[in-house]
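First up is the structure itself, then whatever we jot down about it.
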Amino acid sequence: MSGLIDCEIEGDIAIITFNRPEKRNAISDSVIEALAAAVENASTNAKAAVLAGRGKHFCAGLDLAEHAQRTQIEAIHNSRRWHGVFDTIRRGSIPFVSALHGAVVGGGLELAAATHIRVAEQNAFFALPEGQRGIFVGGSGSVGIAPLIGTANMMDMMLTGRVMTAEEAYRINMFQYLVGEGEALAKAKELAQAAARNAPLSNFAIINALPRIQDMSQSDGLFVESLMSSITSSSPEAQQRLQDFLEKRTEKLTPTKQ
Ligand code: 1HE
């Protein structure tokens, strides 16, 4: 597949790549529809996926040229469409790992926040210039970015237009892995391959139950945790994996360098 978004299947993982470097991978209506198709393809044909951007930047966010033409109601529908597509990433059927470099800005940061693991290069920078553009986040940043870095940090970014370096963003938990220039894609693939080796039902529980439990009362959260624990452990795959451990066919857990 080649176009605004590429989607390639490599063994158990899918590599989805923004392919609009001349516009810094800004997300237009056509891009969001191409992303939706790629996410669908990856979710059907792979066990985990990587999201990356071609060129010098991951993604410059919403296509502002297109947005300038939208009426109020069109802007609502546009935002709701983004929510739908990003939700199939955030609470879908497979884990997503994003490989970040250069600009990770506005809607690009909202998209990165919808993925489950973020890897960023030293050259990545992060901003939410919505306030400067006279708009607001519309790609689920309020529910996706705030829990990562805290509402106070998100407010600071939005009110002041502050552009954060990778080091600063790493310190406030914007992403989990900080790597050198040109290394994000390889690291993201390695992490996606690791996630792809898990039982699919465990991955489903991790990406669907864990975030929902954060929205529940402690009592309801613990109840759902017990249900998920029982459902996953009684699956034939879990039984096999537990037996593998008991019969010493699994690797020992050892610490690995980031
Ligand atoms: C764009 C966009 C875009 C670049 N929409 N066309 N996002 C922003 O406010 C970020 C705006 N972009 C930038 O600040 C810079 O472009 C970058 C720092 C990302 C990259 O700089 P640079 O020097 O590599 O590229 P450039 O020369 O600024 O841009 C190259 C071309 O991409 C140029 O078009 P050209 O026809 O003049 O060549 C730019 O106009 C175009 N371009 N970014 C449209 N975003 C669901 S709500 C989400 C709300 C948001 O995302 S708000 C944040 C929007």
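Letters for chains follow the order of the structure tokens (A, B, ...), residue numbers begin at 1 for each chain, and ligand numbers begin at 1 in the order shown.
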Skip region 124-133 of chain A itself and residues of its chain fewer than 5 positions away, then list as a PyMOL selection string all residues within 6 Å of it, counting only C-alpha atoms. chain A and resi 101-106+157-158+161+163-166
Those same residues - all heavy atoms - I'd like them written as a short mmCIF file (atom, residue, chain, number, x, y, z; two decimals), in the first residue's frame.
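Dumped everything to again.cif:
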```cif
data_model
loop_
_atom_site.label_atom_id
_atom_site.label_comp_id
_atom_site.auth_asym_id
_atom_site.auth_seq_id
_atom_site.Cartn_x
_atom_site.Cartn_y
_atom_site.Cartn_z
N HIS A 101 9.74 11.41 16.39
CA HIS A 101 10.94 12.21 16.12
C HIS A 101 10.47 13.56 15.58
O HIS A 101 9.34 13.69 15.11
CB HIS A 101 11.86 11.51 15.12
CG HIS A 101 11.33 11.52 13.72
ND1 HIS A 101 10.22 10.81 13.33
CD2 HIS A 101 11.74 12.19 12.61
CE1 HIS A 101 9.98 11.02 12.04
NE2 HIS A 101 10.88 11.85 11.59
N GLY A 102 11.34 14.57 15.68
CA GLY A 102 10.96 15.90 15.19
C GLY A 102 9.70 16.41 15.87
O GLY A 102 9.49 16.19 17.07
N ALA A 103 8.84 17.08 15.08
CA ALA A 103 7.63 17.67 15.67
C ALA A 103 6.61 16.61 16.05
O ALA A 103 6.25 15.75 15.24
CB ALA A 103 7.01 18.65 14.68
N VAL A 104 6.19 16.66 17.31
CA VAL A 104 5.07 15.83 17.80
C VAL A 104 4.12 16.86 18.40
O VAL A 104 4.19 17.19 19.57
CB VAL A 104 5.55 14.81 18.86
CG1 VAL A 104 4.42 13.87 19.24
CG2 VAL A 104 6.76 14.03 18.37
N VAL A 105 3.27 17.39 17.54
CA VAL A 105 2.62 18.65 17.85
C VAL A 105 1.10 18.56 17.69
O VAL A 105 0.61 17.91 16.76
CB VAL A 105 3.20 19.72 16.87
CG1 VAL A 105 2.41 21.00 16.92
CG2 VAL A 105 4.66 20.00 17.19
N GLY A 106 0.38 19.21 18.59
CA GLY A 106 -1.08 19.29 18.48
C GLY A 106 -1.69 17.90 18.32
O GLY A 106 -1.48 17.00 19.14
N MET A 157 1.42 23.92 28.79
CA MET A 157 1.75 23.81 27.37
C MET A 157 0.74 24.57 26.51
O MET A 157 1.09 25.25 25.55
CB MET A 157 1.79 22.34 26.93
CG MET A 157 2.96 21.57 27.50
SD MET A 157 2.94 19.84 26.98
CE MET A 157 3.62 19.95 25.32
N MET A 158 -0.54 24.44 26.87
CA MET A 158 -1.58 25.06 26.05
C MET A 158 -1.67 26.57 26.26
O MET A 158 -1.93 27.33 25.33
CB MET A 158 -2.94 24.41 26.34
CG MET A 158 -3.00 22.97 25.88
SD MET A 158 -4.67 22.33 25.86
CE MET A 158 -5.33 23.16 24.41
N GLY A 161 2.12 27.96 25.10
CA GLY A 161 2.67 27.55 23.79
C GLY A 161 4.07 26.97 23.90
O GLY A 161 4.78 26.82 22.90
N VAL A 163 7.31 24.90 23.95
CA VAL A 163 7.76 23.76 23.13
C VAL A 163 8.76 22.97 23.96
O VAL A 163 9.81 23.50 24.32
CB VAL A 163 8.40 24.24 21.81
CG1 VAL A 163 8.85 23.04 20.97
CG2 VAL A 163 7.43 25.12 21.03
N MET A 164 8.43 21.74 24.29
CA MET A 164 9.28 20.94 25.17
C MET A 164 10.29 20.11 24.40
O MET A 164 9.94 19.49 23.39
CB MET A 164 8.43 19.96 25.97
CG MET A 164 7.82 20.58 27.18
SD MET A 164 7.15 19.30 28.23
CE MET A 164 6.15 20.35 29.26
N THR A 165 11.51 20.07 24.90
CA THR A 165 12.50 19.15 24.33
C THR A 165 12.15 17.73 24.76
O THR A 165 11.35 17.52 25.69
CB THR A 165 13.91 19.48 24.87
OG1 THR A 165 13.89 19.26 26.29
CG2 THR A 165 14.32 20.90 24.57
N ALA A 166 12.80 16.77 24.11
CA ALA A 166 12.57 15.37 24.47
C ALA A 166 12.95 15.13 25.93
O ALA A 166 12.22 14.43 26.66
CB ALA A 166 13.36 14.46 23.54
#
```
Which neighbours of Ala195 (chain A) fall inside 12 Å, counting only C-alpha atoms, when residues of the same chain fewer than 3 positions from it are skipped, and could you give them as a list in words?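 Answer for this query is Asp12, Ile13, Ala46, Lys47, Ala48, Ala49, Val50, Ile94, Pro95, Phe96, Val97, His116, Ile117, Ala188, Lys189, Glu190, Leu191, Ala192, Asn198, Ala199, Pro200, Leu201, Ser202, Asn203, Phe204, Ile206 and Ile207 of chain A.
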Please save C-alpha atoms of the selected residues as a short mmCIF file (atom, residue, chain, number, x, y, z; two decimals), in the first residue's frame.
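Saved result, result_3.cif, follows:
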```cif
data_model
loop_
_atom_site.label_atom_id
_atom_site.label_comp_id
_atom_site.auth_asym_id
_atom_site.auth_seq_id
_atom_site.Cartn_x
_atom_site.Cartn_y
_atom_site.Cartn_z
CA ASP A 12 3.34 -10.49 13.43
CA ILE A 13 3.53 -6.70 13.43
CA ALA A 46 -1.18 -8.24 12.91
CA LYS A 47 -0.76 -8.83 16.65
CA ALA A 48 0.77 -5.40 17.37
CA ALA A 49 1.53 -2.26 15.36
CA VAL A 50 4.05 0.55 15.09
CA ILE A 94 -3.95 -4.86 19.38
CA PRO A 95 -1.23 -2.78 21.10
CA PHE A 96 0.27 0.22 19.24
CA VAL A 97 3.78 1.59 19.72
CA HIS A 116 0.15 2.37 24.32
CA ILE A 117 3.92 2.77 24.24
CA ALA A 188 9.42 0.59 18.47
CA LYS A 189 9.52 -2.54 16.28
CA GLU A 190 11.39 -4.47 18.97
CA LEU A 191 8.78 -3.45 21.59
CA ALA A 192 5.86 -4.26 19.26
CA ASN A 198 1.86 -12.14 24.53
CA ALA A 199 -1.44 -14.00 24.61
CA PRO A 200 -3.88 -11.86 22.54
CA LEU A 201 -6.46 -12.05 25.36
CA SER A 202 -3.93 -10.62 27.83
CA ASN A 203 -3.12 -7.78 25.42
CA PHE A 204 -6.82 -7.09 24.99
CA ILE A 206 -4.19 -4.68 29.18
CA ILE A 207 -5.28 -2.09 26.62
#
```
Restrict the calculation to only C-alpha atoms and all ligand atoms, then for each residue of chain A with any atom at most 7 Å from an atom of ligand 1 give the closest atom pair and their distance in Å to one decimal, rows by chain and rising residue number, as a Markdown table.
```
| residue | atom | partner | partner_atom_place_in_ligand_line | distance |
| --- | --- | --- | --- | --- |
| A:Glu22 | CA | ligand 1 | 31 (C) | 5.7 |
| A:Lys23 | CA | ligand 1 | 32 (O) | 3.4 |
| A:Arg24 | CA | ligand 1 | 32 (O) | 5.1 |
| A:Ala26 | CA | ligand 1 | 3 (C) | 4.9 |
| A:Lys56 | CA | ligand 1 | 24 (O) | 6.9 |
| A:His57 | CA | ligand 1 | 19 (C) | 6.9 |
| A:Ala60 | CA | ligand 1 | 19 (C) | 4.4 |
| A:Gly61 | CA | ligand 1 | 51 (O) | 3.6 |
| A:Leu62 | CA | ligand 1 | 51 (O) | 3.7 |
| A:Asp63 | CA | ligand 1 | 5 (N) | 3.4 |
| A:Leu64 | CA | ligand 1 | 5 (N) | 3.9 |
| A:Ala65 | CA | ligand 1 | 44 (C) | 5.1 |
| A:Ser79 | CA | ligand 1 | 46 (C) | 5.5 |
| A:Trp82 | CA | ligand 1 | 46 (C) | 6.7 |
| A:Ala103 | CA | ligand 1 | 19 (C) | 5.2 |
| A:Val105 | CA | ligand 1 | 7 (N) | 5.9 |
| A:Gly106 | CA | ligand 1 | 51 (O) | 3.5 |
| A:Gly107 | CA | ligand 1 | 51 (O) | 3.7 |
| A:Gly108 | CA | ligand 1 | 51 (O) | 6.5 |
| A:Leu128 | CA | ligand 1 | 53 (C) | 6.3 |
| A:Pro129 | CA | ligand 1 | 53 (C) | 5.3 |
| A:Glu130 | CA | ligand 1 | 52 (S) | 4.5 |
| A:Arg133 | CA | ligand 1 | 9 (O) | 6.7 |
| A:Phe136 | CA | ligand 1 | 49 (C) | 6.4 |
| A:Val137 | CA | ligand 1 | 47 (S) | 4.5 |
| A:Gly138 | CA | ligand 1 | 47 (S) | 3.7 |
| A:Gly139 | CA | ligand 1 | 46 (C) | 4.2 |
```
Which polymer residues have any atom within 12 Å of an atom of region 240-242 of chain A, counting only C-alpha atoms, with same-chain residues fewer than 6 positions away left out, as a list in words?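 My list of contacting residues is Arg197, Asn198, Ala199, Ser202, Thr232, Ser233, Ser234, Lys248, Arg249, Thr250 and Glu251 of chain A.
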Output C-alpha atoms for every residue in the selection just made, as a PDB file, in the first residue's frame.
```pdb
ATOM      1  CA  ARG A 197       4.368 -12.565  21.663  1.00  0.00           C
ATOM      2  CA  ASN A 198       1.863 -12.145  24.531  1.00  0.00           C
ATOM      3  CA  ALA A 199      -1.440 -13.995  24.608  1.00  0.00           C
ATOM      4  CA  SER A 202      -3.931 -10.616  27.826  1.00  0.00           C
ATOM      5  CA  THR A 232      -7.580 -14.662  30.914  1.00  0.00           C
ATOM      6  CA  SER A 233      -6.228 -17.417  33.150  1.00  0.00           C
ATOM      7  CA  SER A 234      -8.889 -19.944  32.158  1.00  0.00           C
ATOM      8  CA  LYS A 248      10.739 -25.169  32.743  1.00  0.00           C
ATOM      9  CA  ARG A 249      10.266 -24.419  29.019  1.00  0.00           C
ATOM     10  CA  THR A 250      10.227 -20.621  29.477  1.00  0.00           C
ATOM     11  CA  GLU A 251      13.060 -18.133  29.672  1.00  0.00           C
TER      12      GLU A 251
END
```
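The space between CA of Ala113 (chain A) and CA of Asn173 (chain A) spans 11.0 Å.
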Shell around Tyr170 (chain A) at 12 Å using only C-alpha atoms, local window under 6 positions removed, as number ranges by chain: A: 118-122, 124-126, 148-149, 164, 176-179
Quick one: write out the picked residues with all heavy atoms as a compact mmCIF listing (two decimals), in the first residue's frame?
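The resulting result.txt:
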```
# COMPACT_ATOMS: atom_id res chain seq x y z
N ARG A 118 5.18 4.80 23.82
CA ARG A 118 5.79 5.85 23.00
C ARG A 118 7.31 5.79 23.16
O ARG A 118 7.81 5.74 24.28
CB ARG A 118 5.28 7.24 23.45
CG ARG A 118 3.85 7.54 23.04
CD ARG A 118 3.21 8.64 23.86
NE ARG A 118 3.02 8.22 25.24
CZ ARG A 118 2.05 7.39 25.65
NH1 ARG A 118 1.15 6.96 24.79
NH2 ARG A 118 1.97 7.01 26.91
N VAL A 119 7.99 5.80 21.99
CA VAL A 119 9.46 5.85 21.96
C VAL A 119 9.82 7.16 21.28
O VAL A 119 9.32 7.43 20.18
CB VAL A 119 10.02 4.69 21.10
CG1 VAL A 119 11.54 4.73 21.08
CG2 VAL A 119 9.51 3.34 21.58
N ALA A 120 10.67 7.98 21.90
CA ALA A 120 11.02 9.25 21.27
C ALA A 120 12.52 9.42 21.13
O ALA A 120 13.29 9.00 22.00
CB ALA A 120 10.44 10.42 22.08
N GLU A 121 12.91 10.03 20.01
CA GLU A 121 14.33 10.33 19.78
C GLU A 121 14.69 11.64 20.48
O GLU A 121 13.82 12.47 20.76
CB GLU A 121 14.59 10.45 18.26
CG GLU A 121 14.38 9.12 17.58
CD GLU A 121 14.61 9.17 16.06
OE1 GLU A 121 15.11 10.19 15.55
OE2 GLU A 121 14.30 8.16 15.41
N GLN A 122 15.99 11.83 20.70
CA GLN A 122 16.49 13.05 21.35
C GLN A 122 16.04 14.31 20.62
O GLN A 122 15.89 15.36 21.22
CB GLN A 122 18.03 13.03 21.37
CG GLN A 122 18.65 11.91 22.19
CD GLN A 122 18.71 12.24 23.67
OE1 GLN A 122 18.30 13.32 24.09
NE2 GLN A 122 19.20 11.31 24.47
N ALA A 124 13.18 14.85 19.19
CA ALA A 124 11.72 15.07 19.20
C ALA A 124 11.39 16.32 20.02
O ALA A 124 12.09 16.63 20.99
CB ALA A 124 11.02 13.85 19.79
N PHE A 125 10.35 17.04 19.59
CA PHE A 125 9.87 18.14 20.43
C PHE A 125 8.35 18.12 20.45
O PHE A 125 7.70 17.64 19.54
CB PHE A 125 10.43 19.50 20.00
CG PHE A 125 10.18 19.89 18.57
CD1 PHE A 125 9.08 20.66 18.22
CD2 PHE A 125 11.05 19.50 17.55
CE1 PHE A 125 8.85 21.03 16.90
CE2 PHE A 125 10.82 19.86 16.23
CZ PHE A 125 9.72 20.63 15.90
N PHE A 126 7.82 18.64 21.56
CA PHE A 126 6.41 18.44 21.87
C PHE A 126 5.75 19.80 22.14
O PHE A 126 6.28 20.60 22.90
CB PHE A 126 6.28 17.56 23.11
CG PHE A 126 6.91 16.20 22.93
CD1 PHE A 126 8.29 16.01 23.08
CD2 PHE A 126 6.14 15.11 22.58
CE1 PHE A 126 8.87 14.77 22.90
CE2 PHE A 126 6.72 13.85 22.40
CZ PHE A 126 8.08 13.68 22.55
N LEU A 148 -1.16 11.44 31.21
CA LEU A 148 0.27 11.11 31.08
C LEU A 148 1.13 12.12 31.84
O LEU A 148 2.00 11.76 32.62
CB LEU A 148 0.71 11.14 29.61
CG LEU A 148 0.07 10.15 28.63
CD1 LEU A 148 0.63 10.40 27.24
CD2 LEU A 148 0.35 8.73 29.06
N ILE A 149 0.88 13.41 31.59
CA ILE A 149 1.79 14.44 32.10
C ILE A 149 1.17 15.27 33.22
O ILE A 149 1.84 16.11 33.80
CB ILE A 149 2.27 15.38 30.96
CG1 ILE A 149 1.10 16.16 30.33
CG2 ILE A 149 3.02 14.60 29.89
CD1 ILE A 149 1.53 17.22 29.31
N MET A 164 8.43 21.74 24.29
CA MET A 164 9.28 20.94 25.17
C MET A 164 10.29 20.11 24.40
O MET A 164 9.94 19.49 23.39
CB MET A 164 8.43 19.96 25.97
CG MET A 164 7.82 20.58 27.18
SD MET A 164 7.15 19.30 28.23
CE MET A 164 6.15 20.35 29.26
N GLN A 176 7.69 6.66 27.21
CA GLN A 176 8.36 5.68 28.08
C GLN A 176 9.82 5.43 27.71
O GLN A 176 10.60 5.03 28.57
CB GLN A 176 7.63 4.33 28.03
CG GLN A 176 6.21 4.36 28.62
CD GLN A 176 5.14 4.49 27.57
OE1 GLN A 176 5.30 5.23 26.60
NE2 GLN A 176 4.01 3.80 27.75
N TYR A 177 10.21 5.60 26.44
CA TYR A 177 11.58 5.26 26.01
C TYR A 177 12.22 6.45 25.29
O TYR A 177 11.63 6.98 24.33
CB TYR A 177 11.58 4.06 25.06
CG TYR A 177 11.14 2.77 25.73
CD1 TYR A 177 9.79 2.45 25.82
CD2 TYR A 177 12.08 1.88 26.26
CE1 TYR A 177 9.37 1.28 26.45
CE2 TYR A 177 11.67 0.70 26.88
CZ TYR A 177 10.31 0.41 26.97
OH TYR A 177 9.91 -0.75 27.57
N LEU A 178 13.40 6.85 25.74
CA LEU A 178 14.15 7.92 25.08
C LEU A 178 15.34 7.28 24.37
O LEU A 178 16.15 6.59 25.00
CB LEU A 178 14.64 8.92 26.13
CG LEU A 178 15.50 10.08 25.65
CD1 LEU A 178 14.75 10.95 24.64
CD2 LEU A 178 15.95 10.95 26.84
N VAL A 179 15.45 7.50 23.05
CA VAL A 179 16.53 6.86 22.27
C VAL A 179 17.26 7.91 21.43
O VAL A 179 16.80 9.05 21.31
CB VAL A 179 15.97 5.73 21.35
CG1 VAL A 179 15.37 4.61 22.17
CG2 VAL A 179 14.98 6.28 20.35
```
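Relative to CA of Ala14 (chain A), CA of Arg91 (chain A) is found at 17.0 Å.
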Work out how far apart CA of His67 (chain A) and CA of Leu159 (chain A) are and give it in Å to one decimal.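 Interatomic distance, CA of His67 (chain A) to CA of Leu159 (chain A): 20.8 Å.
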Could you tell me, as number ranges by chain, which residues of region 67-237 of chain A DSSP assigns to strand (DSSP E) when given the backbone? A: 96-100, 103-105, 117-121, 125-127, 164-165, 177-179
Which residues in region 11-206 of chain A does DSSP call alpha helix (DSSP H)? List them as a PyMOL selection string. chain A and resi 29-45+64-67+72-90+107-114+130-133+141-144+146-149+151-160+166-171+184-196+200-206
Would you kindly return, as a list of chain:residue names, each protein, DNA or RNA residue with an atom no farther than 7 Å from any atom of Ala52 (chain A), considering only C-alpha atoms and excluding same-chain residues fewer than 3 positions away? A:Ile16, A:Thr17, A:Phe18, A:Phe58, A:Ser98, A:Ala99, A:Leu100
